[in-house]
>>> print(open('upload-v8.txt').read())   # compact mmCIF, C-alpha atoms and all ligand atoms
# COMPACT_ATOMS: atom_id res chain seq x y z
CA MET A 1256 6.36 27.38 -2.70
CA PHE A 1257 8.36 24.15 -2.41
CA ALA A 1258 10.99 25.50 -4.79
CA ARG A 1259 11.68 28.55 -2.62
CA ALA A 1260 11.74 26.33 0.47
CA VAL A 1261 14.30 24.07 -1.17
CA ALA A 1262 16.52 27.02 -2.06
CA ASP A 1263 16.34 28.31 1.50
CA ALA A 1264 16.84 24.84 2.94
CA HIS A 1265 20.10 24.47 1.03
CA ASP A 1266 21.52 27.67 2.55
CA PRO A 1267 24.84 26.51 4.01
CA LEU A 1268 24.68 28.73 7.11
CA SER A 1269 21.10 28.51 8.28
CA PRO A 1270 17.87 27.77 6.43
CA GLY A 1271 16.03 30.85 5.14
CA PRO A 1272 12.44 31.81 6.01
CA ALA A 1273 10.83 29.97 3.08
CA MET A 1274 11.83 26.69 4.71
CA THR A 1275 9.77 25.38 7.58
CA HIS A 1276 9.44 22.15 9.57
CA ALA A 1277 5.87 21.15 8.95
CA TRP A 1278 3.98 21.06 5.67
CA LEU A 1279 0.47 20.08 4.73
CA VAL A 1280 -0.04 19.00 1.11
CA THR A 1281 -3.67 18.74 0.08
CA GLY A 1282 -5.43 17.95 -3.18
CA PRO A 1283 -8.04 15.60 -4.66
CA PRO A 1284 -7.08 12.02 -5.63
CA GLY A 1285 -4.90 12.12 -8.72
CA SER A 1286 -3.60 15.63 -8.07
CA GLY A 1287 -0.28 14.08 -7.06
CA ARG A 1288 -0.12 14.72 -3.32
CA SER A 1289 2.33 11.94 -2.51
CA THR A 1290 4.35 12.63 -5.64
CA ALA A 1291 4.71 16.30 -4.69
CA ALA A 1292 5.66 15.38 -1.12
CA ALA A 1293 8.28 12.86 -2.26
CA ALA A 1294 9.70 15.27 -4.84
CA PHE A 1295 10.10 17.87 -2.09
CA ALA A 1296 11.90 15.33 0.13
CA ALA A 1297 14.16 14.43 -2.78
CA ALA A 1298 14.93 18.07 -3.53
CA LEU A 1299 15.97 18.67 0.08
CA HIS A 1300 18.64 16.00 -0.31
CA CYS A 1301 19.64 16.32 -3.95
CA PRO A 1302 22.85 18.32 -4.52
CA SER A 1303 21.21 20.03 -7.51
CA ASN A 1304 17.94 20.91 -5.71
CA GLY A 1305 15.92 18.01 -7.09
CA CYS A 1306 17.12 17.02 -10.54
CA GLY A 1307 14.79 14.00 -10.48
CA GLU A 1308 17.43 11.83 -12.12
CA CYS A 1309 20.17 11.08 -9.59
CA LEU A 1310 20.19 8.16 -7.17
CA THR A 1311 19.42 10.51 -4.26
CA CYS A 1312 16.30 11.78 -6.01
CA ARG A 1313 15.14 8.34 -7.07
CA SER A 1314 15.71 6.68 -3.72
CA ALA A 1315 14.08 9.56 -1.85
CA LYS A 1316 10.99 9.27 -4.03
CA SER A 1317 10.67 5.55 -3.45
CA GLY A 1318 11.32 5.78 0.28
CA ALA A 1319 14.57 3.81 -0.07
CA HIS A 1320 16.60 6.87 0.99
CA PRO A 1321 17.80 6.46 4.59
CA ASP A 1322 16.73 10.02 5.51
CA VAL A 1323 13.28 9.90 3.97
CA ASP A 1324 10.52 8.01 5.72
CA ILE A 1325 7.31 7.48 3.78
CA ILE A 1326 4.51 6.43 6.09
CA THR A 1327 1.56 4.74 4.40
CA SER A 1328 -1.26 3.01 6.16
CA ASP A 1329 -3.43 0.10 5.10
CA THR A 1330 -5.56 0.51 8.18
CA LEU A 1331 -8.24 3.13 8.48
CA SER A 1332 -6.73 5.12 11.28
CA TYR A 1333 -3.46 5.90 13.03
CA GLY A 1334 -3.73 5.36 16.76
CA VAL A 1335 -1.67 6.55 19.72
CA ASP A 1336 0.83 3.68 19.39
CA ASP A 1337 1.44 4.51 15.74
CA ALA A 1338 2.00 8.15 16.68
CA ARG A 1339 4.54 7.19 19.39
CA ASP A 1340 6.30 4.90 16.95
CA LEU A 1341 6.46 7.78 14.48
CA ILE A 1342 8.02 10.09 17.04
CA VAL A 1343 10.76 7.58 17.82
CA ARG A 1344 11.48 7.15 14.14
CA SER A 1345 11.51 10.88 13.51
CA CYS A 1346 14.14 11.52 16.15
CA ILE A 1347 16.78 9.57 14.26
CA VAL A 1348 19.48 11.97 13.13
CA PRO A 1349 19.91 12.04 9.34
CA THR A 1350 22.81 9.96 8.06
CA THR A 1351 23.62 11.73 4.82
CA GLY A 1352 22.29 15.26 4.84
CA ARG A 1353 20.85 17.98 6.96
CA TRP A 1354 17.24 16.83 6.93
CA GLN A 1355 15.26 13.87 8.08
CA VAL A 1356 11.96 13.96 6.18
CA VAL A 1357 8.88 12.12 7.36
CA ILE A 1358 6.05 11.95 4.82
CA ILE A 1359 2.66 10.88 6.13
CA GLU A 1360 0.44 9.93 3.22
CA ASP A 1361 -2.88 9.86 5.04
CA ALA A 1362 -2.66 12.53 7.69
CA ASP A 1363 -6.45 12.61 7.74
CA ARG A 1364 -6.42 9.21 9.42
CA PHE A 1365 -5.02 10.23 12.79
CA THR A 1366 -7.35 9.63 15.70
CA PRO A 1367 -7.73 12.74 17.91
CA ALA A 1368 -5.65 11.06 20.63
CA ALA A 1369 -2.86 10.25 18.19
CA ALA A 1370 -2.96 13.78 16.80
CA SER A 1371 -2.42 15.26 20.24
CA VAL A 1372 0.57 12.96 20.80
CA LEU A 1373 2.08 14.18 17.54
CA LEU A 1374 1.27 17.79 18.14
CA LYS A 1375 4.23 18.45 20.39
CA VAL A 1376 6.87 17.22 17.93
CA ILE A 1377 5.20 19.09 15.13
CA GLU A 1378 5.20 22.22 17.26
CA GLU A 1379 8.81 21.98 18.46
CA PRO A 1380 10.59 19.60 16.15
CA PRO A 1381 14.26 18.67 16.38
CA THR A 1382 16.15 20.98 14.00
CA HIS A 1383 16.80 18.23 11.45
CA LEU A 1384 13.19 17.13 11.15
CA VAL A 1385 10.73 17.97 8.37
CA TRP A 1386 7.13 16.73 8.44
CA VAL A 1387 5.18 16.51 5.21
CA LEU A 1388 1.56 15.62 5.87
CA CYS A 1389 -0.75 14.71 2.98
CA ALA A 1390 -4.55 14.71 2.97
CA PRO A 1391 -7.40 15.27 0.49
CA ASN A 1392 -8.57 18.54 2.11
CA PRO A 1393 -7.14 20.86 4.77
CA GLU A 1394 -10.37 20.32 6.75
CA ASP A 1395 -9.62 16.58 6.96
CA VAL A 1396 -6.74 17.27 9.33
CA MET A 1397 -7.22 18.21 12.99
CA PRO A 1398 -7.27 22.02 13.29
CA THR A 1399 -4.57 21.90 16.00
CA ILE A 1400 -2.19 20.18 13.59
CA ARG A 1401 -3.30 22.17 10.57
CA SER A 1402 -2.58 25.50 12.24
CA ARG A 1403 1.03 24.46 12.82
CA THR A 1404 1.77 23.56 9.22
CA ARG A 1405 2.39 25.51 6.05
CA SER A 1406 -0.21 24.58 3.48
CA VAL A 1407 0.36 23.64 -0.16
CA GLN A 1408 -2.87 23.06 -2.07
CA LEU A 1409 -2.87 21.10 -5.31
CA ARG A 1410 -5.83 21.04 -7.67
CA THR A 1411 -7.15 18.67 -10.32
CA PRO A 1412 -5.80 19.80 -13.69
CA ALA A 1413 -8.32 20.67 -16.43
CA THR A 1414 -8.84 18.29 -19.36
CA PHE A 1415 -6.97 20.55 -21.79
CA GLU A 1416 -3.99 20.76 -19.42
CA VAL A 1417 -3.81 16.97 -19.10
CA SER A 1418 -4.05 16.60 -22.86
CA ALA A 1419 -1.29 19.16 -23.43
CA ALA A 1420 0.95 17.46 -20.85
CA LEU A 1421 0.50 14.05 -22.51
CA GLN A 1422 1.52 15.49 -25.86
CA ALA A 1423 4.48 17.49 -24.57
CA LYS A 1424 5.90 14.98 -22.08
CA TYR A 1425 5.13 11.63 -23.64
CA GLY A 1426 4.71 12.45 -27.34
CA VAL A 1427 1.12 11.18 -27.40
CA ASP A 1428 -0.76 12.17 -30.56
CA PRO A 1429 -3.49 14.83 -30.14
CA ALA A 1430 -6.52 12.58 -30.67
CA MET A 1431 -5.31 9.96 -28.20
CA ALA A 1432 -4.29 12.67 -25.72
CA ALA A 1433 -7.76 14.22 -25.93
CA PHE A 1434 -9.42 10.85 -25.36
CA ALA A 1435 -7.16 9.92 -22.41
CA ALA A 1436 -7.56 13.33 -20.76
CA ARG A 1437 -11.35 13.13 -21.06
CA ALA A 1438 -11.57 9.51 -19.92
CA SER A 1439 -9.26 10.03 -16.91
CA GLN A 1440 -11.22 13.07 -15.69
CA GLY A 1441 -8.13 14.96 -14.63
CA HIS A 1442 -6.20 12.07 -13.12
CA ILE A 1443 -2.81 12.46 -14.76
CA GLY A 1444 -1.37 9.03 -13.91
CA ARG A 1445 -4.49 7.35 -15.23
CA ALA A 1446 -4.41 9.54 -18.35
CA ARG A 1447 -0.86 8.50 -19.10
CA ALA A 1448 -1.66 4.81 -18.64
CA LEU A 1449 -4.67 5.10 -20.94
CA ALA A 1450 -2.70 7.00 -23.57
CA THR A 1451 0.32 4.72 -23.63
CA ASP A 1452 -0.94 1.24 -22.73
CA GLU A 1453 -3.45 -0.48 -24.98
CA ALA A 1454 -4.16 -3.17 -22.39
CA VAL A 1455 -5.32 -0.50 -19.95
CA ARG A 1456 -7.65 0.94 -22.61
CA ILE A 1457 -9.11 -2.48 -23.36
CA ARG A 1458 -9.71 -3.20 -19.67
CA ARG A 1459 -11.49 0.13 -19.29
CA GLN A 1460 -13.70 -0.68 -22.28
CA GLU A 1461 -14.62 -4.01 -20.74
CA VAL A 1462 -15.56 -2.43 -17.43
CA LEU A 1463 -17.75 0.11 -19.22
CA ARG A 1464 -19.38 -2.63 -21.22
CA SER A 1465 -20.32 -4.59 -18.10
CA PRO A 1466 -23.72 -2.87 -17.53
CA SER A 1467 -24.94 -4.26 -20.84
CA THR A 1468 -24.01 -7.83 -19.84
CA LEU A 1469 -26.12 -7.99 -16.69
CA ARG A 1470 -28.94 -10.43 -17.45
CA ASP A 1471 -29.17 -12.68 -14.42
CA LEU A 1472 -27.49 -13.33 -11.10
CA SER A 1473 -24.62 -15.31 -12.54
CA SER A 1474 -23.77 -12.61 -15.09
CA CYS A 1475 -23.67 -10.11 -12.20
CA PHE A 1476 -21.13 -12.30 -10.39
CA THR A 1477 -19.08 -12.63 -13.57
CA ALA A 1478 -19.12 -8.86 -14.14
CA ALA A 1479 -18.01 -8.26 -10.52
CA ALA A 1480 -15.15 -10.75 -10.85
CA ASP A 1481 -14.12 -9.25 -14.20
CA LEU A 1482 -14.05 -5.73 -12.77
CA LEU A 1483 -11.88 -6.86 -9.87
CA ALA A 1484 -9.55 -8.74 -12.22
CA ALA A 1485 -9.23 -5.66 -14.46
CA ALA A 1486 -8.46 -3.43 -11.46
CA THR A 1487 -5.88 -5.92 -10.21
CA GLU A 1488 -4.17 -5.95 -13.60
CA ASP A 1489 -4.21 -2.14 -13.74
CA ALA A 1490 -2.69 -2.04 -10.27
CA ARG A 1491 0.03 -4.50 -11.25
CA SER A 1492 0.95 -2.45 -14.29
CA ILE A 1493 1.57 0.45 -11.89
CA THR A 1494 3.31 -1.32 -9.02
CA ASP A 1495 5.46 -3.97 -10.76
CA ALA A 1496 7.76 -1.46 -12.41
CA LEU A 1497 7.99 0.63 -9.23
CA ASP A 1498 8.78 -2.42 -7.09
CA ALA A 1499 11.62 -3.56 -9.33
CA ARG A 1500 13.23 -0.14 -9.56
CA GLU A 1501 13.00 0.53 -5.84
CA THR A 1502 14.62 -2.78 -4.98
CA THR A 1503 17.50 -2.08 -7.36
CA ASP A 1504 17.92 1.45 -5.99
CA LEU A 1505 17.91 0.21 -2.42
CA ARG A 1506 20.60 -2.36 -3.15
CA ARG A 1507 22.66 0.34 -4.82
CA THR A 1508 22.16 2.76 -1.91
CA TYR A 1509 23.63 0.23 0.49
CA GLY A 1510 26.27 -0.86 -2.00
CA GLU A 1511 26.49 -4.47 -3.01
CA GLY A 1512 29.85 -6.21 -2.62
CA GLY A 1513 32.59 -4.97 -0.24
CA GLU A 1514 34.17 -7.01 2.53
CA GLY A 1515 34.91 -7.15 6.27
CA ILE A 1516 32.88 -5.85 9.19
CA THR A 1517 31.55 -2.80 7.40
CA ALA A 1518 30.27 -4.94 4.55
CA ALA A 1519 28.65 -7.37 6.97
CA ARG A 1520 27.00 -4.52 8.83
CA THR A 1521 25.86 -2.94 5.59
CA THR A 1522 24.43 -6.24 4.41
CA LYS A 1523 22.55 -6.68 7.66
CA LEU A 1524 21.20 -3.13 7.52
CA ALA A 1525 20.27 -3.53 3.86
CA GLY A 1526 18.49 -6.80 4.66
CA LYS A 1527 16.45 -5.07 7.32
CA THR A 1528 15.62 -2.17 5.05
CA LEU A 1529 14.80 -4.53 2.21
CA LYS A 1530 12.27 -6.28 4.44
CA ALA A 1531 10.73 -2.92 5.32
CA LEU A 1532 10.61 -2.01 1.64
CA GLU A 1533 8.94 -5.32 0.76
CA LYS A 1534 6.34 -4.75 3.44
CA GLN A 1535 5.71 -1.26 2.15
CA GLN A 1536 5.43 -2.54 -1.41
CA LYS A 1537 2.94 -5.18 -0.36
CA SER A 1538 0.73 -2.66 1.35
CA ARG A 1539 1.03 -0.40 -1.70
CA ARG A 1540 -0.15 -3.24 -3.94
CA THR A 1541 -3.23 -3.73 -1.75
CA ARG A 1542 -3.96 -0.01 -1.75
CA THR A 1543 -3.40 0.31 -5.46
CA ILE A 1544 -5.90 -2.45 -6.22
CA ARG A 1545 -8.45 -0.59 -4.10
CA ASP A 1546 -7.57 2.67 -5.88
CA GLN A 1547 -8.03 1.03 -9.25
CA VAL A 1548 -11.39 -0.45 -8.24
CA ASP A 1549 -12.38 3.09 -7.27
CA ARG A 1550 -11.17 4.34 -10.69
CA ALA A 1551 -13.34 1.72 -12.37
CA LEU A 1552 -16.32 2.86 -10.30
CA LEU A 1553 -15.62 6.47 -11.31
CA ASP A 1554 -15.57 5.31 -14.93
CA LEU A 1555 -18.98 3.71 -14.45
CA ILE A 1556 -20.29 6.87 -12.76
CA ALA A 1557 -19.11 8.84 -15.79
CA PHE A 1558 -20.87 6.33 -18.04
CA TYR A 1559 -24.19 6.82 -16.23
CA ARG A 1560 -23.59 10.55 -16.25
CA ASP A 1561 -23.49 10.29 -20.05
CA VAL A 1562 -26.66 8.17 -19.99
CA PHE A 1563 -28.34 10.88 -17.92
CA VAL A 1564 -27.16 13.64 -20.26
CA MET A 1565 -28.77 11.78 -23.14
CA GLN A 1566 -31.97 11.06 -21.21
CA ILE A 1567 -32.55 14.74 -20.50
CA ASN A 1568 -31.44 15.72 -24.02
CA ALA A 1569 -28.76 18.02 -22.66
CA SER A 1570 -26.27 19.34 -25.16
CA SER A 1571 -23.17 18.71 -23.02
CA ALA A 1572 -20.38 16.67 -24.54
CA LEU A 1573 -20.19 13.00 -23.56
CA ILE A 1574 -17.22 11.84 -21.49
CA ASN A 1575 -17.42 8.50 -23.27
CA ASP A 1576 -18.07 9.79 -26.75
CA GLU A 1577 -16.52 6.71 -28.33
CA MET A 1578 -19.27 4.60 -26.70
CA ARG A 1579 -22.16 6.72 -27.92
CA ALA A 1580 -24.12 3.72 -29.24
CA GLN A 1581 -24.07 1.89 -25.91
CA VAL A 1582 -24.88 5.08 -24.00
CA GLN A 1583 -27.84 5.58 -26.34
CA ARG A 1584 -29.15 2.04 -25.80
CA GLU A 1585 -28.88 2.38 -22.04
CA ALA A 1586 -30.59 5.78 -22.12
CA ALA A 1587 -33.47 4.47 -24.20
CA SER A 1588 -34.06 1.39 -22.08
CA SER A 1589 -34.23 3.13 -18.68
CA THR A 1590 -35.58 6.25 -16.96
CA THR A 1591 -33.75 9.15 -15.32
CA ALA A 1592 -34.96 7.78 -11.97
CA ASP A 1593 -33.27 4.45 -12.77
CA THR A 1594 -30.06 6.27 -13.63
CA LYS A 1595 -30.08 8.23 -10.38
CA GLN A 1596 -30.69 5.04 -8.47
CA ARG A 1597 -27.69 3.42 -10.20
CA TRP A 1598 -25.56 6.42 -9.32
CA GLU A 1599 -26.51 5.94 -5.75
CA ALA A 1600 -25.51 2.27 -5.91
CA LEU A 1601 -22.12 3.29 -7.34
CA ASP A 1602 -21.68 5.92 -4.67
CA HIS A 1603 -22.51 3.39 -2.02
CA ALA A 1604 -19.97 0.94 -3.47
CA ARG A 1605 -17.28 3.64 -3.48
CA SER A 1606 -17.87 4.32 0.20
CA ALA A 1607 -17.63 0.62 0.95
CA VAL A 1608 -14.34 0.40 -0.97
CA ALA A 1609 -12.97 3.42 0.90
CA ALA A 1610 -14.02 1.87 4.22
CA ASN A 1611 -11.96 -1.27 3.49
CA GLY A 1612 -15.06 -3.37 2.70
CA ALA A 1613 -14.51 -6.79 1.10
CA LEU A 1614 -14.06 -6.07 -2.61
CA PRO A 1615 -15.75 -9.16 -4.15
CA LEU A 1616 -18.87 -8.78 -2.01
CA THR A 1617 -19.09 -5.04 -2.59
CA LEU A 1618 -18.80 -5.44 -6.35
CA GLU A 1619 -21.30 -8.31 -6.51
CA ALA A 1620 -23.85 -6.25 -4.59
CA LEU A 1621 -23.15 -3.34 -6.92
CA MET A 1622 -23.68 -5.33 -10.12
CA ILE A 1623 -26.94 -6.74 -8.77
CA GLU A 1624 -28.09 -3.18 -8.10
CA LEU A 1625 -26.97 -1.95 -11.49
CA LYS A 1626 -29.02 -4.73 -13.06
CA ASP A 1627 -32.04 -4.02 -10.87
CA PRO A 1628 -31.68 -0.50 -9.40
CA TRP A 1629 -34.82 -0.79 -7.24
CA ILE A 1630 -33.91 -4.09 -5.59
CA ARG A 1631 -33.37 -2.44 -2.18
CA GLN A 1632 -36.86 -0.98 -2.25
CA ARG A 1633 -38.51 -4.35 -2.79
ZN ZN B 1 18.86 14.76 -7.87
>>> encode(input="upload-v8.txt", output="structure tokens", more="lines below")
Ligand SMILES: [Zn+2]
Amino acid sequence: MFARAVADAHDPLSPGPAMTHAWLVTGPPGSGRSTAAAAFAAALHCPSNGCGECLTCRSAKSGAHPDVDIITSDTLSYGVDDARDLIVRSCIVPTTGRWQVVIIEDADRFTPAAASVLLKVIEEPPTHLVWVLCAPNPEDVMPTIRSRTRSVQLRTPATFEVSAALQAKYGVDPAMAAFAARASQGHIGRARALATDEAVRIRRQEVLRSPSTLRDLSSCFTAAADLLAAATEDARSITDALDARETTDLRRTYGEGGEGITAARTTKLAGKTLKALEKQQKSRRTRTIRDQVDRALLDLIAFYRDVFVMQINASSALINDEMRAQVQREAASSTTADTKQRWEALDHARSAVAANGALPLTLEALMIELKDPWIRQR
């Protein structure tokens, strides 16, 4: 759908019918919502409809492109002031091409009041403006906004698709690809990291081993701190490379060197944009750590899922087949009721992480509950 829109958008006379001014990209975490949105923005500007390689494509994807605005939020909701601010920003006429693209990564976080402020510009946008809203589900976005957008729904790829992609795109060998696809549960970025980075695999192992280390209160605190440290490292391995490349691209976009008034103005503008980029990168780091903590919790949920499978003697394959011995020990030393209770604790921790709860406290409480699943009932 995006490809046809891009072709129509590049029509030199007037954009064809496949192009429209407001898009809603939805899909579960890991389905690549923001990646798809950024690739679309890049393709609208790229002279070869989104080659993915040129400076235009790269800077558009990182948000360093002057005509692509990527709005991320580290707060839980966008209020009326944020919406007004967005409208002002969106009215800026594009400097290099025909389109000014505004990507909103968490369109589900608009308060009703903010949504109604935005509604008007989404309904009758300036001709240069393209909105790309991202959210987990179409239902997460206010119906009034949803009905004015064209919807693109992404889905979680199946294990065999992830495995095939790892082999074809990154030359991962079949056994490793199968493991990474299974362990990532359809999250392609995670699958790639697991398949290509041994440190990521080791950290995952350690997180999955943590239930067997919980003997007393102090081991619970240690396990919580270790999980957070592992998630922070995983997050850094994702963001460090991105940060460096974006900064280089931004400097190149504004051209280093030159002289006279234009150069001075460019330097000033670049300095301002660089500050904005740094701020955006900082908030991405915070979000990525939270995302990686959530990944670790999903890994633990999958571990207890395996424990449950073994406890009820089901014949389904284990997600963590390589840890069969530990799964077996855990299954033998607890009941299905214990396992369900631990699931609940993990679920509870995930909600707290999503609601911006303090990570150390949340994880400590979780480990204590994993050690003693009935502690709340006592
Ligand atoms: Zn390109």
>>> residues_near_ligand(input="upload-v8.txt", ligand="ligand ZN 1 (chain B)", cutoff="9 Å", atoms="only C-alpha atoms and all ligand atoms", output="list in words")
Ala1297, Ala1298, His1300, Cys1301, Pro1302, Ser1303, Asn1304, Gly1305, Cys1306, Gly1307, Glu1308, Cys1309, Leu1310, Thr1311, Cys1312 and Arg1313 of chain A
>>> atom_distance(input="upload-v8.txt", atom1="CA of Ser1465 (chain A)", atom2="CA of Met1578 (chain A)")
12.6 Å
>>> residues_around(input="upload-v8.txt", residues="region 1613-1622 of chain A", least_positions_apart="2", cutoff="6 Å", atoms="all atoms listed in the file", output="PyMOL selection string")
chain A and resi 1475-1476+1479+1624-1625
>>> residues_around(input="upload-v8.txt", residues="Gln1460 (chain A)", least_positions_apart="2", cutoff="12 Å", atoms="all atoms listed in the file", output="list in words")
Ala1438, Leu1449, Glu1453, Ala1454, Val1455, Arg1456, Ile1457, Arg1458, Val1462, Leu1463, Arg1464, Ser1465, Pro1466, Ser1467, Asp1481, Leu1482, Ala1485, Ala1551, Asp1554, Leu1555, Phe1558, Asn1575, Glu1577, Met1578 and Gln1581 of chain A
>>> residues_around(input="upload-v8.txt", residues="Ala1319 (chain A)", least_positions_apart="6", cutoff="8 Å", atoms="only C-alpha atoms", output="PDB file with C-alpha atoms, in the frame of the given file")
ATOM      1  CA  GLU A1501      13.000   0.530  -5.840  1.00  0.00           C
ATOM      2  CA  ASP A1504      17.920   1.450  -5.990  1.00  0.00           C
ATOM      3  CA  LEU A1505      17.910   0.210  -2.420  1.00  0.00           C
ATOM      4  CA  THR A1508      22.160   2.760  -1.910  1.00  0.00           C
ATOM      5  CA  THR A1528      15.620  -2.170   5.050  1.00  0.00           C
ATOM      6  CA  LEU A1532      10.610  -2.010   1.640  1.00  0.00           C
TER       7      LEU A1532
END
>>> closest_residue(input="upload-v8.txt", among="A:Gly1318, A:Pro1412, A:Pro1380, A:Pro1283", to="Ile1358 (chain A)", atoms="all atoms listed in the file")
A:Gly1318
>>> closest_residue(input="upload-v8.txt", among="A:Val1385, A:Ile1443, A:Ile1326, A:Ala1610", to="Ile1347 (chain A)", atoms="only C-alpha atoms")
A:Val1385
>>> closest_residue(input="upload-v8.txt", among="A:Asp1627, A:Ala1480, A:Gln1632, A:Arg1445", to="Glu1461 (chain A)", atoms="only C-alpha atoms")
A:Ala1480
>>> residues_near_point(input="upload-v8.txt", point="(0.0, -4.8, -3.8)", cutoff="9 Å", atoms="only C-alpha atoms", output="mmCIF file with C-alpha atoms, in the frame of the given file")
data_model
loop_
_atom_site.group_PDB
_atom_site.id
_atom_site.type_symbol
_atom_site.label_atom_id
_atom_site.label_comp_id
_atom_site.auth_asym_id
_atom_site.auth_seq_id
_atom_site.Cartn_x
_atom_site.Cartn_y
_atom_site.Cartn_z
ATOM 1 C CA THR A 1487 -5.880 -5.920 -10.210
ATOM 2 C CA ALA A 1490 -2.690 -2.040 -10.270
ATOM 3 C CA ARG A 1491 0.030 -4.500 -11.250
ATOM 4 C CA THR A 1494 3.310 -1.320 -9.020
ATOM 5 C CA ASP A 1495 5.460 -3.970 -10.760
ATOM 6 C CA GLN A 1535 5.710 -1.260 2.150
ATOM 7 C CA GLN A 1536 5.430 -2.540 -1.410
ATOM 8 C CA LYS A 1537 2.940 -5.180 -0.360
ATOM 9 C CA SER A 1538 0.730 -2.660 1.350
ATOM 10 C CA ARG A 1539 1.030 -0.400 -1.700
ATOM 11 C CA ARG A 1540 -0.150 -3.240 -3.940
ATOM 12 C CA THR A 1541 -3.230 -3.730 -1.750
ATOM 13 C CA ARG A 1542 -3.960 -0.010 -1.750
ATOM 14 C CA THR A 1543 -3.400 0.310 -5.460
ATOM 15 C CA ILE A 1544 -5.900 -2.450 -6.220
#
>>> atom_distance(input="upload-v8.txt", atom1="CA of Gly1287 (chain A)", atom2="CA of Ala1260 (chain A)")
18.7 Å
>>> atom_distance(input="upload-v8.txt", atom1="CA of Ile1623 (chain A)", atom2="CA of Ala1592 (chain A)")
16.9 Å
>>> closest_residue(input="upload-v8.txt", among="A:Thr1590, A:Thr1281, A:Thr1290, A:Ser1269", to="Val1564 (chain A)", atoms="all atoms listed in the file")
A:Thr1590
>>> residues_around(input="upload-v8.txt", residues="Met1431 (chain A)", least_positions_apart="6", cutoff="9 Å", atoms="all atoms listed in the file", output="number ranges by chain")
A: 1418, 1449-1451
>>> residues_around(input="upload-v8.txt", residues="Asp1363 (chain A)", least_positions_apart="6", cutoff="12 Å", atoms="all atoms listed in the file", output="PyMOL selection string")
chain A and resi 1279-1281+1327-1328+1331-1334+1369-1370+1388-1398+1400-1401
>>> closest_residue(input="upload-v8.txt", among="A:Glu1378, A:Ile1567, A:Ala1604, A:Phe1415", to="Ala1430 (chain A)", atoms="all atoms listed in the file")
A:Phe1415
>>> closest_residue(input="upload-v8.txt", among="A:Asp1561, A:Asp1452, A:Asp1361, A:Asp1549", to="Val1608 (chain A)", atoms="all atoms listed in the file")
A:Asp1549
>>> build_atoms(input="upload-v8.txt", residues="region 1538-1549 of chain A", atoms="N, CA and C atoms", output="PDB file, in the coordinates of the input")
ATOM      1  N   SER A1538       1.882  -3.449   0.957  1.00  0.00           N
ATOM      2  CA  SER A1538       0.730  -2.660   1.350  1.00  0.00           C
ATOM      3  C   SER A1538       0.353  -1.686   0.223  1.00  0.00           C
ATOM      4  N   ARG A1539       1.363  -1.256  -0.553  1.00  0.00           N
ATOM      5  CA  ARG A1539       1.030  -0.400  -1.700  1.00  0.00           C
ATOM      6  C   ARG A1539       0.232  -1.167  -2.753  1.00  0.00           C
ATOM      7  N   ARG A1540       0.607  -2.440  -2.967  1.00  0.00           N
ATOM      8  CA  ARG A1540      -0.150  -3.240  -3.940  1.00  0.00           C
ATOM      9  C   ARG A1540      -1.619  -3.336  -3.533  1.00  0.00           C
ATOM     10  N   THR A1541      -1.854  -3.617  -2.239  1.00  0.00           N
ATOM     11  CA  THR A1541      -3.230  -3.730  -1.750  1.00  0.00           C
ATOM     12  C   THR A1541      -3.980  -2.418  -1.951  1.00  0.00           C
ATOM     13  N   ARG A1542      -3.319  -1.323  -1.600  1.00  0.00           N
ATOM     14  CA  ARG A1542      -3.960  -0.010  -1.750  1.00  0.00           C
ATOM     15  C   ARG A1542      -4.216   0.320  -3.200  1.00  0.00           C
ATOM     16  N   THR A1543      -3.253  -0.032  -4.059  1.00  0.00           N
ATOM     17  CA  THR A1543      -3.400   0.310  -5.460  1.00  0.00           C
ATOM     18  C   THR A1543      -4.564  -0.440  -6.099  1.00  0.00           C
ATOM     19  N   ILE A1544      -4.760  -1.707  -5.697  1.00  0.00           N
ATOM     20  CA  ILE A1544      -5.900  -2.450  -6.220  1.00  0.00           C
ATOM     21  C   ILE A1544      -7.193  -1.729  -5.838  1.00  0.00           C
ATOM     22  N   ARG A1545      -7.281  -1.335  -4.570  1.00  0.00           N
ATOM     23  CA  ARG A1545      -8.450  -0.590  -4.100  1.00  0.00           C
ATOM     24  C   ARG A1545      -8.624   0.721  -4.890  1.00  0.00           C
ATOM     25  N   ASP A1546      -7.515   1.428  -5.095  1.00  0.00           N
ATOM     26  CA  ASP A1546      -7.570   2.670  -5.880  1.00  0.00           C
ATOM     27  C   ASP A1546      -8.103   2.419  -7.285  1.00  0.00           C
ATOM     28  N   GLN A1547      -7.635   1.313  -7.881  1.00  0.00           N
ATOM     29  CA  GLN A1547      -8.030   1.030  -9.250  1.00  0.00           C
ATOM     30  C   GLN A1547      -9.485   0.579  -9.327  1.00  0.00           C
ATOM     31  N   VAL A1548      -9.965  -0.121  -8.293  1.00  0.00           N
ATOM     32  CA  VAL A1548     -11.390  -0.450  -8.240  1.00  0.00           C
ATOM     33  C   VAL A1548     -12.178   0.861  -8.185  1.00  0.00           C
ATOM     34  N   ASP A1549     -11.699   1.805  -7.370  1.00  0.00           N
ATOM     35  CA  ASP A1549     -12.380   3.090  -7.270  1.00  0.00           C
ATOM     36  C   ASP A1549     -12.370   3.817  -8.625  1.00  0.00           C
TER      37      ASP A1549
END
